[in-house]
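What follows is a short report on a single structure.
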Amino acid sequence: MAHANKDQSDHPQLSKNQRLRQLLADKQIIRSFAPHDVFMARILEDAGIELLFLGGFGVSASVLGIPDVGLTTLTEMTEAVRRMADRLTIPLIADGDTGHGDLHNVARTVRDFERAGASGMLLEDQVAPKRCGHFSGKQVTPAAEMLDKLKTALDTRADSDFVIIARTDARAVEGLDSAIDRANLYGEAGADVCFVEAPQSEDELARVARDVPFPQLANMLPGGVTPILPADELQQLGFKIVVDPVGTLLATGHVVRQLAEAMLNEGRVDHLSSQMLGFDEVKQLLGLDEISNLKRR
């Protein structure tokens with residue numbers, strides 16, 4: 001695996017949380033994905049990605065086979081965090097949705113995610129049950145309610161390097177001005193990163209980057225309401241993180257559908273090998289050599 005131990009070899013003295021803080025302090029934009037399962041996470045780390053997200057959409061789709069409409073429980077999400085973080089050497093940020101309830105639930109979400117191995121958490125201001133940020137029909141809580149949740153999350157974290165990302169979905173409900181105002185309120189309250197979800201044009205992206213003087217995340221969802229810009233352009237605008245939240249899910253679904261069609265129509269799939277990893281590469285990604293060496297020792 002060319003890159004799987006890059007984080008440990010380059011920064012052996014740093015914890016995952018400290019490495020995330022270092023990435024945020026670097027000048028370069030952080031290029032990230034939200035893999036929908038642990039195998040995808042291993043592939044992305046091996047390719048050289050230095051930060052991953054565990055998003056609600058991917059977990060809803062891969063674990064439950066349902067859309068992201070707030071049906072994933074905290075227990076299910078925490079277990080997904082634990083499984084993924086355990087197989088990574090790079091930081092993982094987990095989707096905390098609305099905090100799964102009131103202030104006590106927010107505090108529990110932070111504690112559970114930290115113990116499960118996450119290096120950070122997203123917290124959003126939607127009304128529960130939340131919806132995917134690029135779905136219609138969203139509603140947002142009063143900003144004061146989100147500020148209480150945000151302060152609870154900040155006060156609860158055991159490690160000050162654990163990153164809290166404050167997301168607002170107000171653009172689709174109250175307009176861009178309100179979304180920018182909320183992001184600034186959250187940044188002033190101590191959020192480590194601000195996230196205005198679903199700007200609807202390149203001009204809106206530029207304005208968000210200009211008018212929110214805090215580190216910011218840009219969510220580049222293929223087929224969503226936000227135009228897709230290259231990472232270099234987003235960096236020039238002022239964004240700190242760019243993440244594709246569903247790319248692994250969409251790509252995997254496309255290839256698996258091709259496999260099914262090939263088996264049904266031709267009775268074989270080996271001719272699609274150019275679109276597949278080799279079996280030896282998969283064994284290496286999964287750590288078979290490490291397990292075999294342990295048995296020999």
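So you can find residues: chains in the structure tokens are A, B, ... in the order shown, residues in each start at 1, and ligands are numbered from 1 in order.
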Can you tell me which residues surround Ile165 in chain A at a distance of at most 9 Å, considering only C-alpha atoms, apart from same-chain residues fewer than 4 positions away, and format the answer as a PDB file with C-alpha atoms, in the first residue's frame?
```
ATOM      1  CA  GLY A 120     -14.115  15.880  14.868  1.00  0.00           C
ATOM      2  CA  MET A 121     -17.847  16.256  14.419  1.00  0.00           C
ATOM      3  CA  LEU A 122     -20.328  18.200  12.311  1.00  0.00           C
ATOM      4  CA  LEU A 123     -23.264  19.821  14.113  1.00  0.00           C
ATOM      5  CA  GLU A 124     -26.100  21.463  12.190  1.00  0.00           C
ATOM      6  CA  ALA A 191     -16.699  26.680  16.071  1.00  0.00           C
ATOM      7  CA  ASP A 192     -13.425  25.470  14.575  1.00  0.00           C
ATOM      8  CA  VAL A 193     -14.846  25.378  11.044  1.00  0.00           C
ATOM      9  CA  CYS A 194     -18.020  26.956   9.594  1.00  0.00           C
ATOM     10  CA  PHE A 195     -20.099  25.303   6.902  1.00  0.00           C
ATOM     11  CA  GLN A 216     -14.835  27.016   5.982  1.00  0.00           C
ATOM     12  CA  LEU A 217     -15.920  23.783   4.359  1.00  0.00           C
TER      13      LEU A 217
END
```
Hey, what does DSSP flag as helix (DSSP H, G or I) within range 58-156 of chain A? Can you give it to me as a ChimeraX atom specification? /A:58-64,74-86,103-116,143-156
Neighbour list for Ile49 in chain A as a list in words, cut-off 7 Å, only C-alpha atoms, skip fewer than 3 positions in-chain: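 Contacts, with the query itself left out: Ser32, Leu44 and Glu45 of chain A.
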Can those selected residues be exported to a file as a PDB file, in the first residue's frame so that it contains C-alpha atoms?
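Everything below was put into selection.pdb:
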```pdb
ATOM      1  CA  SER A  32     -11.537  15.025   1.246  1.00  0.00           C
ATOM      2  CA  LEU A  44      -9.025   6.510  -0.119  1.00  0.00           C
ATOM      3  CA  GLU A  45      -6.363   6.516   2.579  1.00  0.00           C
TER       4      GLU A  45
END
```
I'd like the neighbourhood of Arg210 in chain A as a ChimeraX atom specification, where a residue qualifies if any of its atoms comes within 12 Å (using only C-alpha atoms), though same-chain residues fewer than 3 positions away should be ignored. /A:180,184,203-207,213-216,234-239
Where does range 44-63 of chain A meet range 15-25 of chain A within 12 Å, residue by residue, with the nearest atom pair and distance in Å to one decimal for each, counting only C-alpha atoms, listed by chain and rising number, as JSON lines?
```
{"residue": "A:Ile49", "atom": "CA", "partner": "A:Leu23", "partner_atom": "CA", "distance": 11.7}
{"residue": "A:Glu50", "atom": "CA", "partner": "A:Leu23", "partner_atom": "CA", "distance": 8.4}
{"residue": "A:Leu51", "atom": "CA", "partner": "A:Leu20", "partner_atom": "CA", "distance": 7.5}
{"residue": "A:Leu52", "atom": "CA", "partner": "A:Leu20", "partner_atom": "CA", "distance": 10.3}
{"residue": "A:Phe53", "atom": "CA", "partner": "A:Leu20", "partner_atom": "CA", "distance": 11.9}
```
Could you please take those selected residues and save N, CA and C atoms as a PDB file, in the first residue's frame?
```pdb
ATOM      1  N   ILE A  49      -5.395  10.361   0.392  1.00  0.00           N
ATOM      2  CA  ILE A  49      -6.299  11.318   1.044  1.00  0.00           C
ATOM      3  C   ILE A  49      -5.925  11.395   2.530  1.00  0.00           C
ATOM      4  N   GLU A  50      -5.870  12.618   3.074  1.00  0.00           N
ATOM      5  CA  GLU A  50      -5.354  12.808   4.431  1.00  0.00           C
ATOM      6  C   GLU A  50      -6.427  13.079   5.481  1.00  0.00           C
ATOM      7  N   LEU A  51      -7.684  13.232   5.061  1.00  0.00           N
ATOM      8  CA  LEU A  51      -8.787  13.454   5.988  1.00  0.00           C
ATOM      9  C   LEU A  51     -10.047  12.871   5.367  1.00  0.00           C
ATOM     10  N   LEU A  52     -10.840  12.176   6.182  1.00  0.00           N
ATOM     11  CA  LEU A  52     -12.090  11.609   5.695  1.00  0.00           C
ATOM     12  C   LEU A  52     -13.250  12.049   6.581  1.00  0.00           C
ATOM     13  N   PHE A  53     -14.443  12.021   5.999  1.00  0.00           N
ATOM     14  CA  PHE A  53     -15.683  12.302   6.713  1.00  0.00           C
ATOM     15  C   PHE A  53     -16.547  11.047   6.700  1.00  0.00           C
TER      16      PHE A  53
END
```
Close residues, Val243 in chain A itself excluded, 6 Å, only C-alpha atoms, min 5 positions apart in chain, as a PyMOL selection string: chain A and resi 32-33+219-220
DSSP on the backbone: what in range 42-264 of chain A comes out strand (DSSP E or B), as a count of residues only? 32
Which residues are close to Arg157 in chain A, i.e. within 10 Å by only C-alpha atoms, leaving aside same-chain residues fewer than 3 positions away? Reply as number ranges by chain. A: 107-111, 113-114, 120, 152-154, 160-164
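Taking only C-alpha atoms into account, Asp112 in chain A lies nearest to A:Thr156 out of the set A:Thr98, A:Gln139, A:Thr156, A:Thr89.
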